[in-house]
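Note: the block below is protein.json and it holds JSON, C-alpha atoms.
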[["chain", "number", "residue", "atom", "x", "y", "z"],
["Y", 167, "MET", "CA", 137.66, 81.72, 124.32],
["Y", 168, "ASN", "CA", 140.78, 80.48, 122.53],
["Y", 169, "LYS", "CA", 142.40, 82.38, 119.66],
["Y", 170, "VAL", "CA", 141.28, 79.92, 116.97],
["Y", 171, "PHE", "CA", 137.66, 80.09, 118.12],
["Y", 172, "SER", "CA", 137.81, 83.89, 118.33],
["Y", 173, "PHE", "CA", 139.24, 84.12, 114.82],
["Y", 174, "LEU", "CA", 136.49, 81.85, 113.48],
["Y", 175, "PHE", "CA", 133.80, 84.07, 114.90],
["Y", 176, "LEU", "CA", 135.65, 87.18, 113.77],
["Y", 177, "PHE", "CA", 135.71, 85.86, 110.21],
["Y", 178, "CYS", "CA", 132.10, 84.71, 110.28],
["Y", 179, "PHE", "CA", 130.71, 87.85, 111.85],
["Y", 180, "LEU", "CA", 132.64, 90.42, 109.84],
["Y", 181, "SER", "CA", 132.12, 88.52, 106.61],
["Y", 182, "SER", "CA", 128.36, 88.69, 107.06],
["Y", 183, "ALA", "CA", 128.42, 92.45, 106.48],
["Y", 184, "CYS", "CA", 129.51, 92.06, 102.86],
["Y", 185, "VAL", "CA", 127.69, 88.89, 101.85],
["Y", 186, "ASN", "CA", 124.20, 89.37, 103.28],
["Y", 187, "ALA", "CA", 122.90, 90.80, 100.00],
["Y", 188, "GLN", "CA", 124.38, 87.85, 98.13],
["Y", 189, "LEU", "CA", 122.86, 85.34, 100.54],
["Y", 190, "PHE", "CA", 119.31, 86.59, 100.09],
["Y", 191, "ASP", "CA", 117.83, 88.74, 97.33],
["Y", 192, "ARG", "CA", 114.89, 90.59, 98.89],
["Y", 193, "LEU", "CA", 113.35, 91.50, 95.54],
["Y", 194, "LYS", "CA", 113.76, 88.14, 93.85],
["Y", 195, "ASP", "CA", 113.35, 85.73, 96.78],
["Y", 196, "GLY", "CA", 111.38, 87.74, 99.33],
["Y", 197, "ALA", "CA", 108.14, 88.44, 97.49],
["Y", 198, "PRO", "CA", 107.15, 84.82, 96.69],
["Y", 199, "ILE", "CA", 107.97, 83.71, 100.25],
["Y", 200, "ARG", "CA", 105.86, 86.50, 101.74],
["Y", 201, "SER", "CA", 103.01, 85.59, 99.40],
["Y", 202, "TYR", "CA", 103.15, 81.95, 100.47],
["Y", 203, "VAL", "CA", 103.30, 82.79, 104.19],
["Y", 204, "LYS", "CA", 100.24, 85.02, 103.82],
["Y", 205, "HIS", "CA", 98.46, 82.16, 102.07],
["Y", 206, "LEU", "CA", 99.48, 79.85, 104.92],
["Y", 207, "GLY", "CA", 97.73, 82.09, 107.44],
["Y", 208, "PRO", "CA", 98.03, 82.23, 111.23],
["Y", 209, "MET", "CA", 98.19, 78.45, 111.78],
["Y", 210, "GLN", "CA", 96.20, 78.90, 115.00],
["Y", 211, "ASP", "CA", 96.11, 75.76, 117.16],
["Y", 212, "ARG", "CA", 98.26, 73.87, 114.66],
["Y", 213, "PRO", "CA", 101.53, 72.12, 115.60],
["Y", 214, "LEU", "CA", 104.63, 74.16, 114.79],
["Y", 215, "GLN", "CA", 105.95, 71.19, 112.86],
["Y", 216, "ASP", "CA", 103.10, 71.62, 110.36],
["Y", 217, "MET", "CA", 104.33, 75.09, 109.52],
["Y", 218, "ILE", "CA", 107.94, 73.98, 109.10],
["Y", 219, "ASP", "CA", 106.85, 70.98, 107.02],
["Y", 220, "SER", "CA", 104.90, 73.29, 104.73],
["Y", 221, "PHE", "CA", 108.05, 75.38, 104.22],
["Y", 222, "ARG", "CA", 110.00, 72.23, 103.43],
["Y", 223, "GLN", "CA", 107.40, 71.28, 100.84],
["Y", 224, "GLN", "CA", 108.23, 74.59, 99.15],
["Y", 225, "GLN", "CA", 111.84, 73.37, 99.05],
["Y", 226, "TYR", "CA", 113.12, 76.29, 101.11],
["Y", 227, "ASP", "CA", 116.77, 76.07, 102.10],
["Y", 228, "GLU", "CA", 117.91, 77.33, 105.54],
["Y", 229, "ILE", "CA", 118.05, 80.94, 104.40],
["Y", 230, "LYS", "CA", 114.59, 80.98, 102.83],
["Y", 231, "MET", "CA", 113.23, 78.99, 105.76],
["Y", 232, "THR", "CA", 114.59, 81.59, 108.18],
["Y", 233, "TYR", "CA", 113.02, 84.39, 106.16],
["Y", 234, "ALA", "CA", 109.66, 82.59, 106.09],
["Y", 235, "ILE", "CA", 109.80, 82.25, 109.89],
["Y", 236, "TYR", "CA", 110.77, 85.93, 110.23],
["Y", 237, "TYR", "CA", 107.84, 87.06, 108.09],
["Y", 238, "TRP", "CA", 105.34, 84.71, 109.73],
["Y", 239, "VAL", "CA", 106.25, 85.95, 113.23],
["Y", 240, "ALA", "CA", 106.03, 89.59, 112.13],
["Y", 241, "GLN", "CA", 102.63, 89.05, 110.51],
["Y", 242, "ASN", "CA", 100.96, 86.97, 113.20],
["Y", 243, "ILE", "CA", 102.16, 88.27, 116.56],
["Y", 244, "ARG", "CA", 101.52, 91.75, 117.94],
["Y", 245, "PHE", "CA", 103.53, 93.68, 120.49],
["Y", 246, "ASP", "CA", 101.74, 93.81, 123.87],
["Y", 247, "PRO", "CA", 102.30, 97.14, 125.70],
["Y", 248, "LYS", "CA", 100.48, 95.88, 128.80],
["Y", 249, "ALA", "CA", 102.80, 92.88, 129.11],
["Y", 250, "PHE", "CA", 105.80, 95.16, 128.56],
["Y", 251, "HIS", "CA", 104.87, 97.40, 131.47],
["Y", 252, "HIS", "CA", 103.68, 94.57, 133.73],
["Y", 253, "PRO", "CA", 106.01, 91.64, 132.98],
["Y", 254, "ASN", "CA", 105.41, 89.98, 136.35],
["Y", 255, "ARG", "CA", 101.70, 89.61, 135.53],
["Y", 256, "SER", "CA", 102.14, 88.39, 132.01],
["Y", 257, "ARG", "CA", 103.65, 85.29, 130.53],
["Y", 258, "ILE", "CA", 105.91, 86.32, 127.70],
["Y", 259, "ASN", "CA", 107.52, 83.02, 126.76],
["Y", 260, "ALA", "CA", 107.12, 81.32, 123.39],
["Y", 261, "SER", "CA", 104.19, 79.16, 124.48],
["Y", 262, "ALA", "CA", 102.15, 82.10, 125.78],
["Y", 263, "ALA", "CA", 103.02, 84.26, 122.77],
["Y", 264, "LEU", "CA", 101.86, 81.56, 120.35],
["Y", 265, "ARG", "CA", 98.66, 81.05, 122.32],
["Y", 266, "THR", "CA", 97.67, 84.73, 122.73],
["Y", 267, "ARG", "CA", 99.43, 86.02, 119.60],
["Y", 268, "LYS", "CA", 100.77, 89.03, 121.50],
["Y", 269, "THR", "CA", 103.96, 89.48, 123.49],
["Y", 270, "THR", "CA", 107.06, 91.62, 124.14],
["Y", 271, "SER", "CA", 110.47, 91.48, 122.48],
["Y", 272, "GLU", "CA", 111.35, 88.60, 124.80],
["Y", 273, "GLY", "CA", 108.42, 86.60, 123.44],
["Y", 274, "TYR", "CA", 109.16, 87.53, 119.82],
["Y", 275, "ALA", "CA", 112.74, 86.31, 120.16],
["Y", 276, "ALA", "CA", 111.59, 83.16, 121.95],
["Y", 277, "VAL", "CA", 109.01, 82.32, 119.26],
["Y", 278, "PHE", "CA", 111.55, 82.94, 116.52],
["Y", 279, "GLN", "CA", 114.13, 80.71, 118.22],
["Y", 280, "THR", "CA", 111.54, 77.99, 118.88],
["Y", 281, "LEU", "CA", 110.55, 77.87, 115.22],
["Y", 282, "CYS", "CA", 114.20, 77.81, 114.17],
["Y", 283, "ASP", "CA", 114.79, 74.93, 116.59],
["Y", 284, "VAL", "CA", 111.93, 72.96, 115.01],
["Y", 285, "ALA", "CA", 113.43, 73.67, 111.58],
["Y", 286, "GLY", "CA", 116.91, 72.61, 112.70],
["Y", 287, "ILE", "CA", 118.38, 76.10, 112.25],
["Y", 288, "LYS", "CA", 120.98, 77.13, 114.82],
["Y", 289, "CYS", "CA", 119.55, 80.20, 116.55],
["Y", 290, "TYR", "CA", 120.40, 82.25, 119.64],
["Y", 291, "THR", "CA", 118.58, 84.91, 121.63],
["Y", 292, "ILE", "CA", 120.52, 88.06, 122.57],
["Y", 293, "LYS", "CA", 119.54, 90.30, 125.48],
["Y", 294, "GLY", "CA", 120.39, 93.98, 125.50],
["Y", 295, "TRP", "CA", 118.95, 97.40, 124.72],
["Y", 296, "VAL", "CA", 117.40, 99.04, 121.67],
["Y", 297, "LYS", "CA", 117.10, 102.59, 120.33],
["Y", 298, "ALA", "CA", 113.75, 102.53, 118.58],
["Y", 299, "HIS", "CA", 112.97, 106.25, 118.99],
["Y", 300, "PRO", "CA", 114.98, 109.47, 119.20],
["Y", 301, "GLU", "CA", 113.95, 109.74, 122.86],
["Y", 302, "ASP", "CA", 115.86, 106.48, 123.48],
["Y", 303, "ILE", "CA", 119.22, 108.01, 122.51],
["Y", 304, "GLY", "CA", 121.57, 107.74, 125.48],
["Y", 305, "ILE", "CA", 119.06, 105.70, 127.52],
["Y", 306, "THR", "CA", 119.82, 102.18, 128.75],
["Y", 307, "SER", "CA", 117.02, 101.41, 131.19],
["Y", 308, "ASP", "CA", 114.14, 98.98, 131.72],
["Y", 309, "ARG", "CA", 112.19, 100.90, 129.05],
["Y", 310, "THR", "CA", 114.77, 100.16, 126.37],
["Y", 311, "GLU", "CA", 115.58, 96.54, 127.27],
["Y", 312, "HIS", "CA", 115.17, 94.36, 124.22],
["Y", 313, "ASP", "CA", 115.75, 90.82, 122.90],
["Y", 314, "TRP", "CA", 116.68, 89.85, 119.36],
["Y", 315, "ASN", "CA", 118.18, 86.86, 117.52],
["Y", 316, "VAL", "CA", 121.29, 85.63, 115.79],
["Y", 317, "VAL", "CA", 121.31, 82.62, 113.47],
["Y", 318, "MET", "CA", 124.30, 80.62, 112.27],
["Y", 319, "ILE", "CA", 124.00, 79.63, 108.61],
["Y", 320, "LYS", "CA", 126.88, 78.68, 106.30],
["Y", 321, "ASN", "CA", 129.33, 79.57, 109.08],
["Y", 322, "LEU", "CA", 127.96, 83.12, 109.22],
["Y", 323, "LEU", "CA", 126.45, 84.87, 112.21],
["Y", 324, "LEU", "CA", 123.40, 86.72, 110.88],
["Y", 325, "LEU", "CA", 121.46, 89.38, 112.79],
["Y", 326, "ILE", "CA", 117.65, 89.40, 113.01],
["Y", 327, "ASP", "CA", 115.11, 91.43, 115.00],
["Y", 328, "PRO", "CA", 111.59, 89.95, 114.70],
["Y", 329, "THR", "CA", 110.13, 92.56, 117.09],
["Y", 330, "LEU", "CA", 111.09, 95.56, 114.96],
["Y", 331, "ALA", "CA", 109.95, 93.57, 111.92],
["Y", 332, "ALA", "CA", 106.40, 93.48, 113.28],
["Y", 333, "GLY", "CA", 105.85, 97.23, 113.67],
["Y", 334, "SER", "CA", 106.51, 100.13, 115.98],
["Y", 335, "THR", "CA", 105.46, 101.57, 119.32],
["Y", 336, "ASP", "CA", 105.36, 105.09, 120.65],
["Y", 337, "TYR", "CA", 108.50, 105.88, 122.63],
["Y", 338, "ARG", "CA", 106.79, 105.16, 125.97],
["Y", 339, "ARG", "CA", 105.79, 101.71, 124.67],
["Y", 340, "LYS", "CA", 102.12, 102.43, 125.41],
["Y", 341, "SER", "CA", 100.71, 101.76, 121.92],
["Y", 342, "PHE", "CA", 101.66, 99.56, 118.96],
["Y", 343, "GLU", "CA", 101.17, 99.98, 115.21],
["Y", 344, "GLN", "CA", 101.59, 96.81, 113.19],
["Y", 345, "GLU", "CA", 103.59, 97.51, 110.02],
["Y", 346, "TYR", "CA", 105.95, 94.98, 108.50],
["Y", 347, "ALA", "CA", 109.62, 96.02, 108.21],
["Y", 348, "ASP", "CA", 111.84, 94.00, 105.91],
["Y", 349, "GLY", "CA", 115.14, 95.59, 106.91],
["Y", 350, "TRP", "CA", 115.71, 93.73, 110.17],
["Y", 351, "PHE", "CA", 116.41, 90.41, 108.45],
["Y", 352, "PHE", "CA", 120.10, 89.60, 107.93],
["Y", 353, "THR", "CA", 120.87, 93.23, 108.76],
["Y", 354, "THR", "CA", 124.53, 94.14, 108.37],
["Y", 355, "LYS", "CA", 126.29, 95.07, 111.59],
["Y", 356, "ASP", "CA", 126.89, 98.66, 110.40],
["Y", 357, "PHE", "CA", 123.14, 99.27, 110.53],
["Y", 358, "PHE", "CA", 122.09, 96.83, 113.24],
["Y", 359, "PHE", "CA", 124.35, 98.17, 115.96],
["Y", 360, "LEU", "CA", 123.19, 101.73, 115.48],
["Y", 361, "ASN", "CA", 120.03, 100.56, 117.24],
["Y", 362, "HIS", "CA", 121.13, 97.52, 119.27],
["Y", 363, "PHE", "CA", 123.53, 96.89, 122.13],
["Y", 364, "SER", "CA", 124.16, 93.47, 123.68],
["Y", 365, "LYS", "CA", 124.64, 93.07, 127.41],
["Y", 366, "ASP", "CA", 125.10, 89.32, 127.08],
["Y", 367, "LYS", "CA", 128.81, 88.72, 127.68],
["Y", 368, "LYS", "CA", 128.43, 84.97, 127.13],
["Y", 369, "GLY", "CA", 126.49, 85.11, 123.90],
["Y", 370, "PRO", "CA", 127.57, 83.76, 120.51],
["Y", 371, "ILE", "CA", 129.08, 87.10, 119.46],
["Y", 372, "PRO", "CA", 132.44, 87.71, 121.19],
["Y", 373, "PRO", "CA", 132.30, 90.99, 123.17],
["Y", 374, "GLU", "CA", 135.39, 92.34, 121.40],
["Y", 375, "LEU", "CA", 133.48, 92.29, 118.11],
["Y", 376, "LEU", "CA", 130.60, 94.41, 119.41],
["Y", 377, "PRO", "CA", 130.52, 98.22, 119.39],
["Y", 378, "ASP", "CA", 131.24, 99.97, 122.68],
["Y", 379, "LYS", "CA", 128.42, 101.37, 124.75],
["Y", 380, "LEU", "CA", 129.45, 104.97, 124.13],
["Y", 381, "SER", "CA", 128.96, 104.54, 120.38],
["Y", 382, "PHE", "CA", 125.55, 102.98, 120.93],
["Y", 383, "ASN", "CA", 124.52, 105.83, 123.22],
["Y", 384, "THR", "CA", 125.57, 108.61, 120.86],
["Y", 385, "THR", "CA", 124.58, 107.46, 117.37],
["Y", 386, "PRO", "CA", 121.23, 108.31, 115.70],
["Y", 387, "VAL", "CA", 118.30, 105.94, 115.38],
["Y", 388, "VAL", "CA", 118.09, 104.09, 112.07],
["Y", 389, "TYR", "CA", 114.72, 103.15, 110.58],
["Y", 390, "ASP", "CA", 113.84, 100.30, 108.26],
["Y", 391, "ALA", "CA", 113.76, 102.50, 105.15],
["Y", 392, "ALA", "CA", 117.40, 103.53, 105.63],
["Y", 393, "ILE", "CA", 118.42, 99.87, 105.62],
["Y", 394, "VAL", "CA", 116.35, 99.06, 102.55],
["Y", 395, "MET", "CA", 117.71, 102.15, 100.71],
["Y", 396, "ASN", "CA", 121.25, 101.38, 101.96],
["Y", 397, "LEU", "CA", 121.79, 104.85, 103.47],
["Y", 398, "LEU", "CA", 124.31, 104.94, 106.31],
["Y", 399, "PRO", "CA", 125.16, 108.00, 108.44],
["Y", 400, "SER", "CA", 128.84, 108.90, 108.62],
["Y", 401, "ALA", "CA", 130.84, 107.76, 111.64],
["Y", 402, "THR", "CA", 130.97, 111.34, 112.92],
["Y", 403, "THR", "CA", 127.19, 111.82, 112.88],
["Y", 404, "LYS", "CA", 125.77, 112.12, 116.39],
["Y", 405, "GLY", "CA", 122.27, 111.36, 117.55],
["Y", 406, "ARG", "CA", 121.98, 114.62, 119.47],
["Y", 407, "LEU", "CA", 121.88, 117.82, 117.43],
["Y", 408, "ARG", "CA", 123.18, 120.68, 119.56],
["Y", 409, "GLY", "CA", 123.09, 124.31, 118.48],
["Y", 410, "LYS", "CA", 121.19, 127.57, 118.51],
["Y", 411, "THR", "CA", 117.96, 128.60, 116.89],
["Y", 412, "GLY", "CA", 118.33, 129.77, 113.33],
["Y", 413, "LYS", "CA", 121.40, 127.62, 112.73],
["Y", 414, "THR", "CA", 121.74, 124.30, 110.89],
["Y", 415, "LYS", "CA", 123.44, 121.03, 111.70],
["Y", 416, "THR", "CA", 125.16, 119.32, 108.79],
["Y", 417, "ILE", "CA", 125.30, 115.53, 108.55],
["Y", 418, "ASP", "CA", 126.80, 113.31, 105.87],
["Y", 419, "ILE", "CA", 125.10, 110.15, 104.66],
["Y", 420, "GLU", "CA", 126.81, 107.45, 102.64],
["Y", 421, "MET", "CA", 124.71, 106.31, 99.67],
["Y", 422, "ARG", "CA", 125.76, 102.69, 99.25],
["Y", 423, "ASN", "CA", 123.25, 102.14, 96.48],
["Y", 424, "ARG", "CA", 124.50, 104.23, 93.56],
["Y", 425, "ASP", "CA", 121.25, 103.59, 91.67],
["Y", 426, "LEU", "CA", 119.02, 105.10, 94.38],
["Y", 427, "ASP", "CA", 116.87, 107.92, 93.02],
["Y", 428, "ILE", "CA", 116.39, 110.53, 95.75],
["Y", 429, "PHE", "CA", 113.60, 112.94, 94.87],
["Y", 430, "ARG", "CA", 112.75, 114.50, 98.23],
["Y", 431, "ILE", "CA", 114.42, 115.22, 101.59],
["Y", 432, "ALA", "CA", 112.52, 116.62, 104.57],
["Y", 433, "VAL", "CA", 112.78, 117.08, 108.32],
["Y", 434, "LEU", "CA", 109.89, 116.40, 110.68],
["Y", 435, "GLU", "CA", 109.93, 118.28, 114.00],
["Y", 436, "ASN", "CA", 107.07, 118.99, 116.39],
["Y", 437, "GLY", "CA", 104.54, 117.89, 113.80],
["Y", 438, "ARG", "CA", 105.91, 120.25, 111.14],
["Y", 439, "GLU", "CA", 107.65, 119.00, 108.00],
["Y", 440, "THR", "CA", 110.27, 121.14, 106.26],
["Y", 441, "GLU", "CA", 111.69, 120.25, 102.85],
["Y", 442, "ILE", "CA", 115.48, 120.48, 102.47],
["Y", 443, "PRO", "CA", 117.49, 121.07, 99.27],
["Y", 444, "LEU", "CA", 119.21, 118.02, 97.82],
["Y", 445, "LYS", "CA", 123.03, 118.18, 97.91],
["Y", 446, "THR", "CA", 125.24, 115.27, 96.86],
["Y", 447, "TYR", "CA", 128.97, 114.81, 96.32],
["Y", 448, "GLU", "CA", 129.73, 111.53, 94.56],
["Y", 449, "ASN", "CA", 128.25, 108.90, 96.92],
["Y", 450, "ILE", "CA", 127.75, 111.30, 99.86],
["Y", 451, "LEU", "CA", 124.43, 112.96, 100.62],
["Y", 452, "VAL", "CA", 124.89, 116.21, 102.59],
["Y", 453, "VAL", "CA", 121.94, 117.27, 104.73],
["Y", 454, "ASP", "CA", 121.65, 120.63, 106.51],
["Y", 455, "ILE", "CA", 119.13, 120.10, 109.30],
["Y", 456, "PRO", "CA", 117.55, 123.40, 110.42],
["Y", 457, "LEU", "CA", 117.30, 124.11, 114.15],
["Y", 458, "ASN", "CA", 114.09, 126.09, 114.09],
["Y", 459, "GLU", "CA", 112.95, 126.00, 117.69],
["Y", 460, "ALA", "CA", 114.52, 126.17, 121.13],
["Y", 461, "GLY", "CA", 114.19, 123.18, 123.41],
["Y", 462, "GLU", "CA", 114.72, 119.44, 123.37],
["Y", 463, "TYR", "CA", 112.64, 117.51, 120.86],
["Y", 464, "PRO", "CA", 112.85, 114.65, 118.33],
["Y", 465, "VAL", "CA", 113.85, 115.35, 114.74],
["Y", 466, "ILE", "CA", 113.08, 112.81, 112.03],
["Y", 467, "LEU", "CA", 114.93, 112.87, 108.71],
["Y", 468, "LYS", "CA", 112.80, 111.64, 105.81],
["Y", 469, "ILE", "CA", 114.04, 110.67, 102.37],
["Y", 470, "ASN", "CA", 111.56, 109.95, 99.57],
["Y", 471, "ASN", "CA", 108.80, 110.43, 102.18],
["Y", 472, "LYS", "CA", 110.17, 107.59, 104.36],
["Y", 473, "LYS", "CA", 111.64, 107.95, 107.86],
["Y", 474, "VAL", "CA", 115.34, 107.10, 107.70],
["Y", 475, "PHE", "CA", 117.06, 108.53, 110.82],
["Y", 476, "GLY", "CA", 115.98, 109.91, 114.17],
["Y", 477, "PHE", "CA", 117.76, 112.54, 116.25],
["Y", 478, "MET", "CA", 117.19, 114.50, 119.45],
["Y", 479, "ALA", "CA", 117.63, 118.25, 119.09],
["Y", 480, "ASN", "CA", 119.05, 120.26, 121.99],
["Y", 481, "VAL", "CA", 118.59, 123.84, 120.82],
["Y", 482, "SER", "CA", 119.26, 127.03, 122.74],
["Y", 483, "ASP", "CA", 118.01, 130.51, 121.87],
["Y", 484, "ARG", "CA", 120.45, 132.22, 124.20],
["Y", 485, "LYS", "CA", 122.67, 134.88, 122.63],
["Y", 486, "LYS", "CA", 126.41, 134.85, 123.09],
["Y", 487, "ARG", "CA", 127.69, 137.02, 125.86],
["Y", 488, "LYS", "CA", 129.72, 140.01, 124.74]]
Can the structure from this file be put into structure tokens for me?
Amino acid sequence: MNKVFSFLFLFCFLSSACVNAQLFDRLKDGAPIRSYVKHLGPMQDRPLQDMIDSFRQQQYDEIKMTYAIYYWVAQNIRFDPKAFHHPNRSRINASAALRTRKTTSEGYAAVFQTLCDVAGIKCYTIKGWVKAHPEDIGITSDRTEHDWNVVMIKNLLLLIDPTLAAGSTDYRRKSFEQEYADGWFFTTKDFFFLNHFSKDKKGPIPPELLPDKLSFNTTPVVYDAAIVMNLLPSATTKGRLRGKTGKTKTIDIEMRNRDLDIFRIAVLENGRETEIPLKTYENILVVDIPLNEAGEYPVILKINNKKVFGFMANVSDRKKRK
């Protein structure tokens, strides 16, 4: 890749982090598009062109068209745990996913790209790994392999994950709960790469612009609500909380939305929820996570009753030797 081409992508990709909110207003533009897509329905056995033509009749530009596609895919296709665990016995391409309306991340990304192709939107599929659960932290295996998409609009590379938009699985990928997530559309790289790592060295994003694998393996899991609330863990926050019972682990969270009203903070561990005092310093939220039990287990941080970050606790009850 020559220097001019690298610089172009550097500019496009890094610029996207600060202009995504300006490109698309979720509150103003999102709601009417979602309402129309719901009205449109599943479009079963209809040509894909019919769907795209209906979006054009609404006078959607490329950005609104992409969002309509994102929402339609999330609403009308379910994750298929059986296909995930038995990929050799299941067809998970775009055609099969559109026919059966269930698929894996590979099928989600393929359907999304196919619809973008019909709409004339430049779209790519990226192969890599995902951290969707605290148990995934530090794991890059067949279980965490994952596909997502990148679109090029207005000379910007924009990140999209239609699979995470559709809902969530348990960490073993044995069950699926459909629940729309708005945060994985045009996600800024600061949030997106907490959960995603690309293994595609020939993709549209130059490798030198991607985070290193060590960072991916050690950071916490980010949930949709954190993106929507614009809450970002500090660069020093690790996904594994190590300590001893009775102690706390302090993490700092950057509140990028100064108008956010935080009324409750809690930690969920082993089915038990513990409320935590609210401590803020200017735009930094300070959270003291209690290490109540010995062992290795997931810890979910909740803000305003929404899951925002996931950690794995590694807690010892051994006393220090004298």
For this session: Kindly give the distance, in Å, that separates CA of Tyr447 (chain Y) and CA of Gly409 (chain Y), rounded to a single decimal.
Result: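 Calculated distance between CA of Tyr447 (chain Y) and CA of Gly409 (chain Y) is 24.8 Å.
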For this session: Kindly extract all protein, DNA and RNA residues lying within 10 Å of the coordinates (118.6, 94.0, 118.7) given in the file, considering all atoms listed in the file, and supply them as a count of residues only.
Result: 30
Might I get the box with edges along x, y and z of the file that holds all atoms of region 396-407 of chain Y listed there, padded by 3 Å on every side, given as centre and edge lengths in Å to one decimal, as lines of an AutoDock Vina configuration file?
center_x = 126.1
center_y = 109.6
center_z = 110.7
size_x = 15.7
size_y = 22.4
size_z = 23.5
Residues at most 12 Å from Glu459 (chain Y), counting all atoms listed in the file, excluding those fewer than 6 positions away in the same chain, as a compact mmCIF listing (two decimals) with C-alpha atoms, keeping the file's coordinate frame?
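Dumped everything to part-v2.txt:
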# COMPACT_ATOMS: atom_id res chain seq x y z
CA ARG Y 408 123.18 120.68 119.56
CA GLY Y 409 123.09 124.31 118.48
CA LYS Y 410 121.19 127.57 118.51
CA THR Y 411 117.96 128.60 116.89
CA GLY Y 412 118.33 129.77 113.33
CA LYS Y 413 121.40 127.62 112.73
CA THR Y 414 121.74 124.30 110.89
CA GLU Y 435 109.93 118.28 114.00
CA ASN Y 436 107.07 118.99 116.39
CA ARG Y 438 105.91 120.25 111.14
CA VAL Y 465 113.85 115.35 114.74
CA ALA Y 479 117.63 118.25 119.09
CA ASN Y 480 119.05 120.26 121.99
CA VAL Y 481 118.59 123.84 120.82
CA SER Y 482 119.26 127.03 122.74
CA ASP Y 483 118.01 130.51 121.87
CA ARG Y 484 120.45 132.22 124.20
Exercise. Which neighbours of Cys289 (chain Y) fall inside 8 Å, counting all atoms listed in the file, when residues of the same chain fewer than 3 positions from it are skipped, and could you give them as a ChimeraX atom specification?
Worked result: /Y:279,282-283,315-318
Problem set entry | Atomic separation - CA of Pro208 (chain Y) relative to CA of Gly273 (chain Y), Å |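 Interatomic distance, CA of Gly273 (chain Y) to CA of Pro208 (chain Y): 16.6 Å.
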Exercise. Y:Asn470, Y:Thr270, Y:Gln225, Y:Ser400: which is nearest Val452 (chain Y), counting all atoms listed in the file?
Worked result: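 Result for the nearest residue to Val452 (chain Y): Y:Ser400.
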Exercise. In Å to one decimal, how far is CA of Ile258 (chain Y) from CA of Phe357 (chain Y)?
Worked result: 27.6 Å
Problem set entry | Counting only C-alpha atoms, the residue of Y:Ala240, Y:Ile466, Y:Ile199, Y:Met217 that sits nearest Glu301 (chain Y) |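 Comparing Y:Ala240, Y:Ile466, Y:Ile199, Y:Met217 against Glu301 (chain Y), the winner is Y:Ile466.
Considering the residues Y:Lys404, Y:Gln241, Y:Asp227, Y:Ile319 and counting all atoms listed in the file, Ser201 (chain Y) has its shortest atom-to-atom contact with Y:Gln241.
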For this session: Find the residues around Leu467 (chain Y) up to 8 Å (all atoms listed in the file counted), leave out those fewer than 3 positions away in its own chain, and share them as an NGL selection string.
Result: :Y and (431-434 or 473-476)
Exercise. With all atoms listed in the file as the atoms that count, which of Y:Tyr346, Y:Tyr202, Y:Phe351, Y:Tyr226 lies nearest to Ala332 (chain Y)?
Worked result: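 For Ala332 (chain Y), the nearest of the given residues is Y:Tyr346.
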